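Down below is the structure, laid out as structure tokens.
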There are 2 protein chains.
Amino acid sequence: MSAKPPTSLDVARDAGVSQATVSYVLNNREGARISDETRARVQEAADRLGYVPHAGARTLRTGHSGLVLVPLADIPYGPLAVGLMEELDRELSRLGYSMIQYGARRLKGVAAARAWAELRPVAVLAPAERLTRQAVNVLHSAGIRAVIGIGAVGWSSEIVSTVTMDHEEIGATAAEHLLARGSRTLTAIIPTEDGLRDMGLLRAVGVQRVAAAHGVPYTQVDLAFSETATAARLDAWRAAGISGEGRTKHGVFAYNDDYAMLLMAVLADNGFAVPGNVAVVGCDDLPLAKLLRPRLTTVRLNVTDAPALLAQTLDEVVKEGVTRQPRLALWTHALVERDST
Amino acid sequence: MSAKPPTSLDVARDAGVSQATVSYVLNNREGARISDETRARVQEAADRLGYVPHAGARTLRTGHSGLVLVPLADIPYGPLAVGLMEELDRELSRLGYSMIQYGARRLKGVAAARAWAELRPVAVLAPAERLTRQAVNVLHSAGIRAVIGIGAVGWSSEIVSTVTMDHEEIGATAAEHLLARGSRTLTAIIPTEDGLRDMGLLRAVGVQRVAAAHGVPYTQVDLAFSETATAARLDAWRAAGISGEGRTKHGVFAYNDDYAMLLMAVLADNGFAVPGNVAVVGCDDLPLAKLLRPRLTTVRLNVTDAPALLAQTLDEVVKEGVTRQPRLALWTHALVERDST
């Protein structure tokens with residue numbers, strides 16, 4: 001542990017070959033005539049001594065480090081984001097890259113960009129709001145070839161390629177469905193938690209737009225994830241004429257499946273019929289959606305193709321400096337109709 | 001983008017100071033008498049030019065890179081693991097480290113260790129099974145000071161400090177509770193999914209141990225996450241005398257809260273009373289546990305202190321080469337009693 005790290009010269013001595021041969025073998029260079037037996041001996045010596053080529057060696061070989069750096073955001077990661085990252089990692093591996101997710105989430109602006117650049121990644125895939133002009137400048141100056149931003153639809157950048165997330169249309173799709181199934185009012189539930197609230201507001205914009213287009217009453221409800229807060233909300237609804245006995249059907253887009261489950265549990269406890277009095281749409285199509293009674297109608301985000309397309313886009317920017325798809329949607333969405341509407 | 005990255009000499013020229021001053025300012029060295037005005041000018045020039053000190057500069061300053069590398073495993077990450085990682089990231093930041101999660105999950109053995117070592121982290125925190133003697137050798141030879149393994153209780157290593165996860169006791173705690181609440185048989189559900197199955201088997205060992213100690217019948221059920229598979233299982237239970245009408249109470253530990261929800265939905269659909277005929281215990285205490293009817297009894301993993309302790313342990317090994325806590329439990333657990341048992 002305290003000894004100096006072994007060098008390629010140590011490996012050469014141990015294997016009884018030249019330093020050039022060690023370099024050929026460990027960097028997988030083509031063209032050199034080296035027997036399998038010699039290759040095996042060099043590899044064994046390297047493993048035994050624990051020789052690690054500097055990242056620089058790999059850079060020389062491929063022209064870049066192969067590292068794709070994805071900064072982690074300071075928000076709760078749900079199953080959708082986690083699944084997306086796993087799939088992206090797989091797709092990047094397939095193309096010869098290694099994905100690293102960078103923590104230290106409180107680092108901001110240029111300081112963050114500088115920390116990422118220190119690892120000499122070949123590409124950075126970051127939330128749009130972190131890619132200020134100065135930060136992008138730092139990344140490009142450090143030789144990073146592809147800087148790709150992820151942002152909401154409407155965000156645009158002249159300086160980097162972009163991947164968009166369309167939250168507004170999720171809300172609009174849920175709202176159109178609720179109206180088609182007979183709802184006479186529309187409500188959007190927005191989580192109060194940090195990091196979720198912004199997405200909730202974007203989804204609510206879609207619900208509000210559809211309500212306005214059809215001339216139906218619209219309500220925005222900011223809701224903490226608790227049964228007490230939800231029950232208090234029901235009291236307010238009752239006061240406003242929404243009740244378990246009324247004949248008007250009320251449509252609620254619940255932000256996501258967890259909030260839909262919370263709402264449905266409290267509605268059932270208080271004698272509201274779903275979907276008779278209140279129709280509920282979630283989002284995500286988590287496993288729990290099918291297990292609720294009634295089974296939950298929800299908006300499913302289809303990310304099947306996104307990681308592969310994203311990896312491919314990134315590879316194009318790394319290799320050619322440009323991409324044929326400067327703007328890529330991270331998901332498509334579709335309504336999954338079940339029994340709660 | 002194609003221009004050469006700027007050097008500290010470029011920064012010095014731009015700011016009208018010496019290269020030594022640039023180095024003092026950007027490396028935050030103590031002792032040099034440099035005015036705030038000069039410091040600001042150097043910082044501005046560095047930002048404007050996009051100058052990024054090589055990682056080596058930081059290494060010289062602190063004696064190490066400050067990077068803590070955590071390889072990602074090829075298993076689905078649930079909310080517990082994701083939350084743990086987020087908290088660990090925060091704790092490490094507080095101590096001056098930056099956590100990076102390394103993807104490329106298919107890299108194995110020495111090849112994986114070599115890829116991690118290329119980034120010159122100061123510490124690696126990896127699943128125990130990836131830390132073969134050869135891999136650890138590679139990591140230490142590359143100068144990595146702290147190599148910490150995470151493994152199930154019973155796994156031990158002479159070569160690295162360890163963090164343990166005690167799955168067996170989760171099952172045992174659930175089983176003891178089920179017996180105390182009147183169950184006369186015990187069943188452990190084990191998920192068939194890759195990556196979950198191993199944890200399920202460890203938890204089941206605890207259930208089986210308690211069943212044997214109390215002389216009650218024990219059944220292990222391998223279950224895919226589907227209503228059809230679960231319904232088929234209920235038919236088998238009926239054939240074995242477990243039914244919605246019987247007077248014997250059967251206790252089931254359902255591996256986690258998702259499986260508990262699946263089981264409870266199918267039990268209700270088929271006329272079984274929970275907890276009358278079948279008592280159910282989950283694990284994780286997800287938000288959904290409280291929202292189920294009846295509310296779910298579950299085993300809560302308390303990881304509140306673990307990330308802070310882990311970060312501290314890692315810091316000790318980095319600074320002193322040893323730790324006062326060579327063996328650290330990643331969680332404590334406690335039964336949360338609700339209405340399903």
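Following the order of the structure tokens, chains are lettered A, B, ..., residues in each are numbered from 1, and ligands are numbered from 1.
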Tell me, which residues of range 168-258 of chain A carry DSSP helix (DSSP H, G or I), written as a PyMOL selection string?
chain A and resi 168-180+197-214+227-239+257-258
Next, write the just-selected residues to a file, as a PDB file, in the first residue's frame, keeping C-alpha atoms as the atom set.
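Result went into result.pdb, see below:
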```pdb
ATOM      1  CA  GLU A 168     -47.129  19.812 -19.865  1.00  0.00           C
ATOM      2  CA  GLU A 169     -48.481  17.276 -22.352  1.00  0.00           C
ATOM      3  CA  ILE A 170     -48.736  14.634 -19.608  1.00  0.00           C
ATOM      4  CA  GLY A 171     -51.185  16.868 -17.760  1.00  0.00           C
ATOM      5  CA  ALA A 172     -53.044  17.727 -20.971  1.00  0.00           C
ATOM      6  CA  THR A 173     -53.464  14.047 -21.905  1.00  0.00           C
ATOM      7  CA  ALA A 174     -54.804  13.204 -18.440  1.00  0.00           C
ATOM      8  CA  ALA A 175     -57.217  16.168 -18.578  1.00  0.00           C
ATOM      9  CA  GLU A 176     -58.572  15.325 -22.074  1.00  0.00           C
ATOM     10  CA  HIS A 177     -59.252  11.795 -20.879  1.00  0.00           C
ATOM     11  CA  LEU A 178     -61.037  12.958 -17.717  1.00  0.00           C
ATOM     12  CA  LEU A 179     -63.333  15.196 -19.770  1.00  0.00           C
ATOM     13  CA  ALA A 180     -64.007  12.412 -22.279  1.00  0.00           C
ATOM     14  CA  ARG A 197     -43.016  20.800  -7.187  1.00  0.00           C
ATOM     15  CA  ASP A 198     -41.493  22.183 -10.395  1.00  0.00           C
ATOM     16  CA  MET A 199     -42.490  19.121 -12.395  1.00  0.00           C
ATOM     17  CA  GLY A 200     -45.943  19.248 -10.819  1.00  0.00           C
ATOM     18  CA  LEU A 201     -46.420  22.862 -11.901  1.00  0.00           C
ATOM     19  CA  LEU A 202     -45.480  22.026 -15.495  1.00  0.00           C
ATOM     20  CA  ARG A 203     -47.926  19.116 -15.576  1.00  0.00           C
ATOM     21  CA  ALA A 204     -50.642  21.330 -14.059  1.00  0.00           C
ATOM     22  CA  VAL A 205     -50.191  23.853 -16.877  1.00  0.00           C
ATOM     23  CA  GLY A 206     -51.390  21.158 -19.280  1.00  0.00           C
ATOM     24  CA  VAL A 207     -54.478  20.440 -17.162  1.00  0.00           C
ATOM     25  CA  GLN A 208     -55.293  24.138 -16.884  1.00  0.00           C
ATOM     26  CA  ARG A 209     -54.897  24.655 -20.642  1.00  0.00           C
ATOM     27  CA  VAL A 210     -57.384  21.875 -21.408  1.00  0.00           C
ATOM     28  CA  ALA A 211     -59.822  23.171 -18.775  1.00  0.00           C
ATOM     29  CA  ALA A 212     -59.701  26.651 -20.333  1.00  0.00           C
ATOM     30  CA  ALA A 213     -60.156  25.267 -23.852  1.00  0.00           C
ATOM     31  CA  HIS A 214     -63.295  23.405 -22.757  1.00  0.00           C
ATOM     32  CA  GLU A 227     -53.368  11.443   4.845  1.00  0.00           C
ATOM     33  CA  THR A 228     -54.132  14.299   7.225  1.00  0.00           C
ATOM     34  CA  ALA A 229     -53.446  16.956   4.596  1.00  0.00           C
ATOM     35  CA  THR A 230     -55.516  15.039   2.047  1.00  0.00           C
ATOM     36  CA  ALA A 231     -58.443  14.568   4.441  1.00  0.00           C
ATOM     37  CA  ALA A 232     -58.416  18.313   5.193  1.00  0.00           C
ATOM     38  CA  ARG A 233     -58.587  18.929   1.464  1.00  0.00           C
ATOM     39  CA  LEU A 234     -61.677  16.713   1.188  1.00  0.00           C
ATOM     40  CA  ASP A 235     -63.399  18.831   3.825  1.00  0.00           C
ATOM     41  CA  ALA A 236     -62.740  21.865   1.622  1.00  0.00           C
ATOM     42  CA  TRP A 237     -64.140  20.000  -1.371  1.00  0.00           C
ATOM     43  CA  ARG A 238     -67.286  19.124   0.558  1.00  0.00           C
ATOM     44  CA  ALA A 239     -67.691  22.780   1.470  1.00  0.00           C
ATOM     45  CA  ASP A 257     -49.262   7.184  -8.976  1.00  0.00           C
ATOM     46  CA  ASP A 258     -48.152   7.637  -5.367  1.00  0.00           C
TER      47      ASP A 258
END
```
Taking the chain letters and numbering used in this document, name the residues of range 137-304 of chain A that DSSP puts in strand (DSSP E), as a ChimeraX atom specification.
/A:146-152,161-165,185-191,218-223,250-253,278-283,297-302
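Distance-wise, CA of Thr341 in chain A and CA of Ile189 in chain A end up 15.9 Å apart.
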Once chain B has been least-squares superposed onto chain A, matching all their Cα atoms in order, can you return it as a short mmCIF file (atom, residue, chain, number, x, y, z; two decimals) with C-alpha atoms, in the first residue's frame?
```
data_model
loop_
_atom_site.label_atom_id
_atom_site.label_comp_id
_atom_site.auth_asym_id
_atom_site.auth_seq_id
_atom_site.Cartn_x
_atom_site.Cartn_y
_atom_site.Cartn_z
CA MET B 1 0.00 0.07 0.00
CA SER B 2 2.79 2.51 0.77
CA ALA B 3 5.09 1.25 -1.99
CA LYS B 4 5.23 3.20 -5.24
CA PRO B 5 2.66 2.09 -7.82
CA PRO B 6 4.23 -0.31 -10.35
CA THR B 7 5.21 1.03 -13.76
CA SER B 8 5.09 -0.53 -17.20
CA LEU B 9 8.87 -1.07 -16.81
CA ASP B 10 8.19 -3.29 -13.77
CA VAL B 11 5.70 -5.27 -15.84
CA ALA B 12 8.19 -5.59 -18.69
CA ARG B 13 10.91 -6.91 -16.33
CA ASP B 14 8.54 -9.33 -14.67
CA ALA B 15 7.31 -10.71 -17.99
CA GLY B 16 10.74 -10.71 -19.60
CA VAL B 17 9.68 -8.51 -22.53
CA SER B 18 10.36 -4.96 -23.70
CA GLN B 19 8.44 -1.95 -22.42
CA ALA B 20 7.11 -1.42 -25.95
CA THR B 21 5.61 -4.91 -25.94
CA VAL B 22 3.88 -4.16 -22.63
CA SER B 23 2.42 -1.02 -24.15
CA TYR B 24 1.26 -2.88 -27.28
CA VAL B 25 -0.42 -5.63 -25.27
CA LEU B 26 -2.09 -3.53 -22.58
CA ASN B 27 -3.35 -0.91 -25.01
CA ASN B 28 -4.71 -3.56 -27.38
CA ARG B 29 -2.92 -2.01 -30.31
CA GLU B 30 -3.41 -3.64 -33.65
CA GLY B 31 -0.62 -4.42 -36.04
CA ALA B 32 2.11 -5.64 -33.73
CA ARG B 33 3.00 -9.30 -34.19
CA ILE B 34 2.96 -10.62 -30.60
CA SER B 35 2.19 -14.25 -29.77
CA ASP B 36 -0.77 -15.21 -27.64
CA GLU B 37 1.67 -16.73 -25.17
CA THR B 38 3.52 -13.43 -24.76
CA ARG B 39 0.26 -11.51 -24.49
CA ALA B 40 -0.88 -13.83 -21.70
CA ARG B 41 2.46 -13.48 -19.86
CA VAL B 42 2.26 -9.67 -19.98
CA GLN B 43 -1.36 -9.63 -18.82
CA GLU B 44 -0.54 -11.97 -15.93
CA ALA B 45 2.40 -9.84 -14.83
CA ALA B 46 0.27 -6.69 -14.98
CA ASP B 47 -2.47 -8.31 -12.90
CA ARG B 48 -0.03 -9.78 -10.38
CA LEU B 49 1.78 -6.48 -9.87
CA GLY B 50 -1.46 -4.50 -9.92
CA TYR B 51 -0.27 -2.28 -12.78
CA VAL B 52 -2.82 0.33 -13.82
CA PRO B 53 -2.18 2.36 -16.96
CA HIS B 54 -2.90 6.04 -16.38
CA ALA B 55 -6.14 7.27 -17.89
CA GLY B 56 -3.87 9.07 -20.32
CA ALA B 57 -2.91 5.77 -21.89
CA ARG B 58 -6.49 5.05 -22.81
CA THR B 59 -6.94 8.59 -24.07
CA LEU B 60 -3.97 8.13 -26.41
CA ARG B 61 -5.44 4.92 -27.72
CA THR B 62 -9.03 5.99 -28.47
CA GLY B 63 -8.56 9.71 -28.73
CA HIS B 64 -10.72 10.22 -25.65
CA SER B 65 -11.29 8.98 -22.09
CA GLY B 66 -14.58 7.22 -22.88
CA LEU B 67 -16.10 8.63 -19.70
CA VAL B 68 -19.59 10.09 -19.85
CA LEU B 69 -20.22 12.22 -16.79
CA VAL B 70 -23.78 12.70 -15.54
CA PRO B 71 -24.08 15.06 -12.56
CA LEU B 72 -26.64 13.96 -9.99
CA ALA B 73 -29.34 16.50 -9.21
CA ASP B 74 -30.41 17.45 -5.70
CA ILE B 75 -33.90 15.99 -6.10
CA PRO B 76 -35.42 12.66 -5.09
CA TYR B 77 -34.81 10.06 -7.80
CA GLY B 78 -37.95 8.06 -8.53
CA PRO B 79 -38.10 4.68 -10.27
CA LEU B 80 -38.41 6.37 -13.68
CA ALA B 81 -35.15 8.32 -13.36
CA VAL B 82 -33.31 5.37 -11.81
CA GLY B 83 -34.49 3.05 -14.59
CA LEU B 84 -33.51 5.56 -17.26
CA MET B 85 -30.00 5.85 -15.83
CA GLU B 86 -29.59 2.07 -15.68
CA GLU B 87 -30.62 1.70 -19.29
CA LEU B 88 -28.45 4.61 -20.44
CA ASP B 89 -25.48 3.02 -18.68
CA ARG B 90 -26.08 -0.21 -20.58
CA GLU B 91 -26.41 1.55 -23.93
CA LEU B 92 -23.27 3.60 -23.39
CA SER B 93 -21.33 0.45 -22.38
CA ARG B 94 -22.41 -1.12 -25.63
CA LEU B 95 -20.84 1.82 -27.52
CA GLY B 96 -17.61 1.58 -25.52
CA TYR B 97 -18.26 4.36 -22.98
CA SER B 98 -18.34 4.24 -19.19
CA MET B 99 -20.98 6.30 -17.44
CA ILE B 100 -20.17 7.95 -14.14
CA GLN B 101 -22.73 9.76 -12.03
CA TYR B 102 -21.14 12.66 -10.21
CA GLY B 103 -22.38 13.48 -6.73
CA ALA B 104 -21.33 16.48 -4.65
CA ARG B 105 -24.76 17.86 -5.55
CA ARG B 106 -24.25 21.18 -3.85
CA LEU B 107 -21.48 22.26 -6.18
CA LYS B 108 -22.94 24.92 -8.47
CA GLY B 109 -22.13 26.85 -11.62
CA VAL B 110 -18.55 27.17 -12.77
CA ALA B 111 -17.18 25.43 -9.66
CA ALA B 112 -19.26 22.35 -10.53
CA ALA B 113 -18.19 22.46 -14.18
CA ARG B 114 -14.56 22.67 -13.11
CA ALA B 115 -14.92 19.65 -10.80
CA TRP B 116 -16.50 17.62 -13.61
CA ALA B 117 -13.84 18.72 -16.07
CA GLU B 118 -11.07 17.53 -13.75
CA LEU B 119 -12.03 13.94 -14.56
CA ARG B 120 -11.53 14.67 -18.26
CA PRO B 121 -14.75 13.04 -19.45
CA VAL B 122 -15.42 13.01 -23.18
CA ALA B 123 -19.07 13.99 -22.64
CA VAL B 124 -21.24 15.64 -20.01
CA LEU B 125 -24.99 15.13 -19.83
CA ALA B 126 -26.40 17.63 -17.35
CA PRO B 127 -29.63 19.32 -16.26
CA ALA B 128 -30.15 22.34 -18.51
CA GLU B 129 -30.20 24.85 -15.68
CA ARG B 130 -26.63 23.94 -14.71
CA LEU B 131 -25.29 24.64 -18.20
CA THR B 132 -24.69 28.37 -18.04
CA ARG B 133 -22.60 29.87 -20.80
CA GLN B 134 -19.65 30.14 -18.42
CA ALA B 135 -19.98 26.52 -17.31
CA VAL B 136 -20.15 25.31 -20.91
CA ASN B 137 -17.10 27.41 -21.65
CA VAL B 138 -15.17 25.69 -18.91
CA LEU B 139 -16.24 22.26 -20.18
CA HIS B 140 -15.31 22.93 -23.78
CA SER B 141 -12.02 24.53 -22.83
CA ALA B 142 -11.14 21.36 -20.93
CA GLY B 143 -11.54 19.41 -24.17
CA ILE B 144 -14.92 17.83 -23.44
CA ARG B 145 -16.42 17.12 -26.83
CA ALA B 146 -20.13 16.65 -26.14
CA VAL B 147 -22.08 18.80 -23.71
CA ILE B 148 -25.76 17.84 -23.70
CA GLY B 149 -28.47 19.53 -21.66
CA ILE B 150 -31.69 18.00 -20.33
CA GLY B 151 -34.54 20.45 -19.87
CA ALA B 152 -38.26 21.03 -20.03
CA VAL B 153 -39.83 21.66 -23.43
CA GLY B 154 -39.48 25.34 -24.24
CA TRP B 155 -35.97 25.51 -22.80
CA SER B 156 -33.53 25.99 -25.63
CA SER B 157 -29.87 26.65 -25.97
CA GLU B 158 -27.68 27.81 -28.81
CA ILE B 159 -24.65 26.40 -27.08
CA VAL B 160 -25.50 22.73 -26.45
CA SER B 161 -27.62 19.91 -27.87
CA THR B 162 -30.75 19.33 -25.87
CA VAL B 163 -32.92 16.56 -24.58
CA THR B 164 -36.42 17.62 -23.69
CA MET B 165 -38.98 16.45 -21.14
CA ASP B 166 -42.57 17.36 -21.94
CA HIS B 167 -44.39 17.55 -18.61
CA GLU B 168 -47.15 19.83 -19.85
CA GLU B 169 -48.49 17.29 -22.34
CA ILE B 170 -48.75 14.66 -19.59
CA GLY B 171 -51.21 16.90 -17.75
CA ALA B 172 -53.06 17.74 -20.96
CA THR B 173 -53.47 14.07 -21.90
CA ALA B 174 -54.83 13.25 -18.43
CA ALA B 175 -57.24 16.20 -18.59
CA GLU B 176 -58.58 15.36 -22.06
CA HIS B 177 -59.25 11.81 -20.89
CA LEU B 178 -61.05 12.99 -17.73
CA LEU B 179 -63.34 15.22 -19.79
CA ALA B 180 -64.01 12.44 -22.30
CA ARG B 181 -65.04 10.19 -19.39
CA GLY B 182 -67.57 12.75 -18.14
CA SER B 183 -65.80 14.93 -15.58
CA ARG B 184 -67.35 18.40 -15.26
CA THR B 185 -64.52 20.01 -13.26
CA LEU B 186 -60.75 19.54 -13.41
CA THR B 187 -58.26 19.58 -10.54
CA ALA B 188 -54.48 19.22 -10.68
CA ILE B 189 -52.64 18.08 -7.56
CA ILE B 190 -49.18 19.52 -7.12
CA PRO B 191 -46.75 18.00 -4.60
CA THR B 192 -45.28 20.42 -2.09
CA GLU B 193 -41.96 18.55 -1.88
CA ASP B 194 -38.86 20.31 -3.15
CA GLY B 195 -37.72 18.92 -6.45
CA LEU B 196 -41.16 17.54 -7.31
CA ARG B 197 -43.06 20.82 -7.16
CA ASP B 198 -41.52 22.22 -10.36
CA MET B 199 -42.51 19.16 -12.36
CA GLY B 200 -45.96 19.28 -10.78
CA LEU B 201 -46.46 22.87 -11.88
CA LEU B 202 -45.50 22.04 -15.47
CA ARG B 203 -47.94 19.14 -15.55
CA ALA B 204 -50.67 21.35 -14.06
CA VAL B 205 -50.22 23.87 -16.86
CA GLY B 206 -51.43 21.20 -19.28
CA VAL B 207 -54.51 20.47 -17.16
CA GLN B 208 -55.32 24.17 -16.89
CA ARG B 209 -54.92 24.66 -20.64
CA VAL B 210 -57.39 21.89 -21.42
CA ALA B 211 -59.84 23.20 -18.78
CA ALA B 212 -59.72 26.66 -20.36
CA ALA B 213 -60.16 25.28 -23.88
CA HIS B 214 -63.32 23.41 -22.80
CA GLY B 215 -64.60 26.09 -20.42
CA VAL B 216 -64.72 23.88 -17.32
CA PRO B 217 -63.77 25.03 -13.80
CA TYR B 218 -60.13 24.39 -12.87
CA THR B 219 -58.54 24.11 -9.43
CA GLN B 220 -54.90 23.74 -8.47
CA VAL B 221 -54.28 21.94 -5.20
CA ASP B 222 -50.90 22.05 -3.45
CA LEU B 223 -50.74 18.89 -1.37
CA ALA B 224 -48.23 17.44 1.10
CA PHE B 225 -47.92 13.66 0.99
CA SER B 226 -50.01 12.92 4.08
CA GLU B 227 -53.42 11.47 4.85
CA THR B 228 -54.20 14.34 7.22
CA ALA B 229 -53.50 16.99 4.60
CA THR B 230 -55.55 15.08 2.05
CA ALA B 231 -58.48 14.59 4.44
CA ALA B 232 -58.48 18.33 5.18
CA ARG B 233 -58.62 18.96 1.46
CA LEU B 234 -61.70 16.73 1.16
CA ASP B 235 -63.44 18.86 3.79
CA ALA B 236 -62.79 21.90 1.61
CA TRP B 237 -64.15 20.02 -1.41
CA ARG B 238 -67.31 19.14 0.51
CA ALA B 239 -67.75 22.81 1.41
CA ALA B 240 -67.40 23.62 -2.30
CA GLY B 241 -70.14 21.17 -3.21
CA ILE B 242 -68.03 18.16 -4.23
CA SER B 243 -69.27 15.23 -2.18
CA GLY B 244 -69.83 11.51 -2.05
CA GLU B 245 -73.49 12.18 -2.85
CA GLY B 246 -73.31 14.75 -5.66
CA ARG B 247 -74.15 13.86 -9.22
CA THR B 248 -71.40 15.92 -10.84
CA LYS B 249 -68.31 13.92 -11.67
CA HIS B 250 -65.04 15.61 -10.73
CA GLY B 251 -61.79 14.86 -12.51
CA VAL B 252 -58.45 14.89 -10.68
CA PHE B 253 -54.98 14.53 -12.15
CA ALA B 254 -52.94 13.46 -9.13
CA TYR B 255 -49.39 14.31 -10.33
CA ASN B 256 -48.16 10.70 -10.01
CA ASP B 257 -49.28 7.21 -8.96
CA ASP B 258 -48.18 7.67 -5.35
CA TYR B 259 -50.37 10.75 -4.98
CA ALA B 260 -53.21 8.94 -6.77
CA MET B 261 -52.96 6.10 -4.24
CA LEU B 262 -52.96 8.58 -1.35
CA LEU B 263 -56.03 10.33 -2.75
CA MET B 264 -57.91 7.11 -3.45
CA ALA B 265 -57.29 5.74 0.07
CA VAL B 266 -58.61 8.92 1.68
CA LEU B 267 -61.55 9.18 -0.74
CA ALA B 268 -62.58 5.60 0.10
CA ASP B 269 -62.23 6.24 3.86
CA ASN B 270 -64.56 9.24 3.48
CA GLY B 271 -67.28 7.61 1.41
CA PHE B 272 -66.43 9.11 -1.97
CA ALA B 273 -66.91 6.75 -4.90
CA VAL B 274 -64.13 6.41 -7.47
CA PRO B 275 -64.86 6.94 -10.33
CA GLY B 276 -68.50 7.74 -9.54
CA ASN B 277 -67.92 11.04 -7.70
CA VAL B 278 -64.27 11.58 -8.39
CA ALA B 279 -62.29 10.24 -11.33
CA VAL B 280 -58.54 9.90 -10.72
CA VAL B 281 -55.60 9.76 -13.14
CA GLY B 282 -52.04 9.12 -11.97
CA CYS B 283 -48.72 9.16 -13.79
CA ASP B 284 -45.84 6.64 -14.10
CA ASP B 285 -47.73 3.34 -14.29
CA LEU B 286 -45.91 1.95 -11.25
CA PRO B 287 -46.61 -1.68 -10.31
CA LEU B 288 -49.01 -0.37 -7.65
CA ALA B 289 -51.31 1.17 -10.30
CA LYS B 290 -52.70 -2.22 -11.33
CA LEU B 291 -53.01 -3.33 -7.70
CA LEU B 292 -55.25 -0.48 -6.58
CA ARG B 293 -59.01 -1.09 -6.42
CA PRO B 294 -60.39 0.33 -8.64
CA ARG B 295 -57.36 -0.20 -10.86
CA LEU B 296 -55.69 3.12 -11.59
CA THR B 297 -55.89 4.93 -14.92
CA THR B 298 -52.49 6.54 -15.40
CA VAL B 299 -50.16 8.19 -17.90
CA ARG B 300 -47.32 5.91 -18.82
CA LEU B 301 -44.00 7.44 -19.86
CA ASN B 302 -42.50 5.29 -22.55
CA VAL B 303 -38.75 5.59 -22.25
CA THR B 304 -37.93 2.37 -24.06
CA ASP B 305 -36.12 4.02 -26.96
CA ALA B 306 -34.79 7.11 -25.20
CA PRO B 307 -31.61 5.70 -23.64
CA ALA B 308 -30.50 4.10 -26.91
CA LEU B 309 -31.24 7.28 -28.89
CA LEU B 310 -29.50 9.40 -26.28
CA ALA B 311 -26.39 7.22 -26.27
CA GLN B 312 -26.32 7.33 -30.07
CA THR B 313 -26.75 11.12 -30.14
CA LEU B 314 -23.93 11.50 -27.66
CA ASP B 315 -21.68 9.22 -29.70
CA GLU B 316 -22.39 11.30 -32.83
CA VAL B 317 -21.48 14.52 -31.10
CA VAL B 318 -18.28 12.97 -29.72
CA LYS B 319 -17.21 11.60 -33.11
CA GLU B 320 -18.52 14.22 -35.52
CA GLY B 321 -18.99 17.32 -33.39
CA VAL B 322 -22.65 17.47 -34.44
CA THR B 323 -25.70 15.26 -34.40
CA ARG B 324 -28.55 14.71 -36.79
CA GLN B 325 -30.91 14.95 -33.80
CA PRO B 326 -30.09 18.20 -32.00
CA ARG B 327 -33.36 17.93 -30.12
CA LEU B 328 -34.46 14.61 -28.67
CA ALA B 329 -37.52 13.88 -26.54
CA LEU B 330 -36.67 11.84 -23.45
CA TRP B 331 -40.01 10.04 -23.52
CA THR B 332 -43.28 9.61 -25.32
CA HIS B 333 -46.37 9.19 -23.18
CA ALA B 334 -49.64 7.31 -23.45
CA LEU B 335 -52.75 7.01 -21.37
CA VAL B 336 -53.31 3.60 -19.78
CA GLU B 337 -57.04 3.37 -19.21
CA ARG B 338 -58.19 1.29 -16.24
CA ASP B 339 -61.06 1.61 -13.77
CA SER B 340 -60.49 4.82 -11.80
CA THR B 341 -61.91 7.18 -14.46
#
```
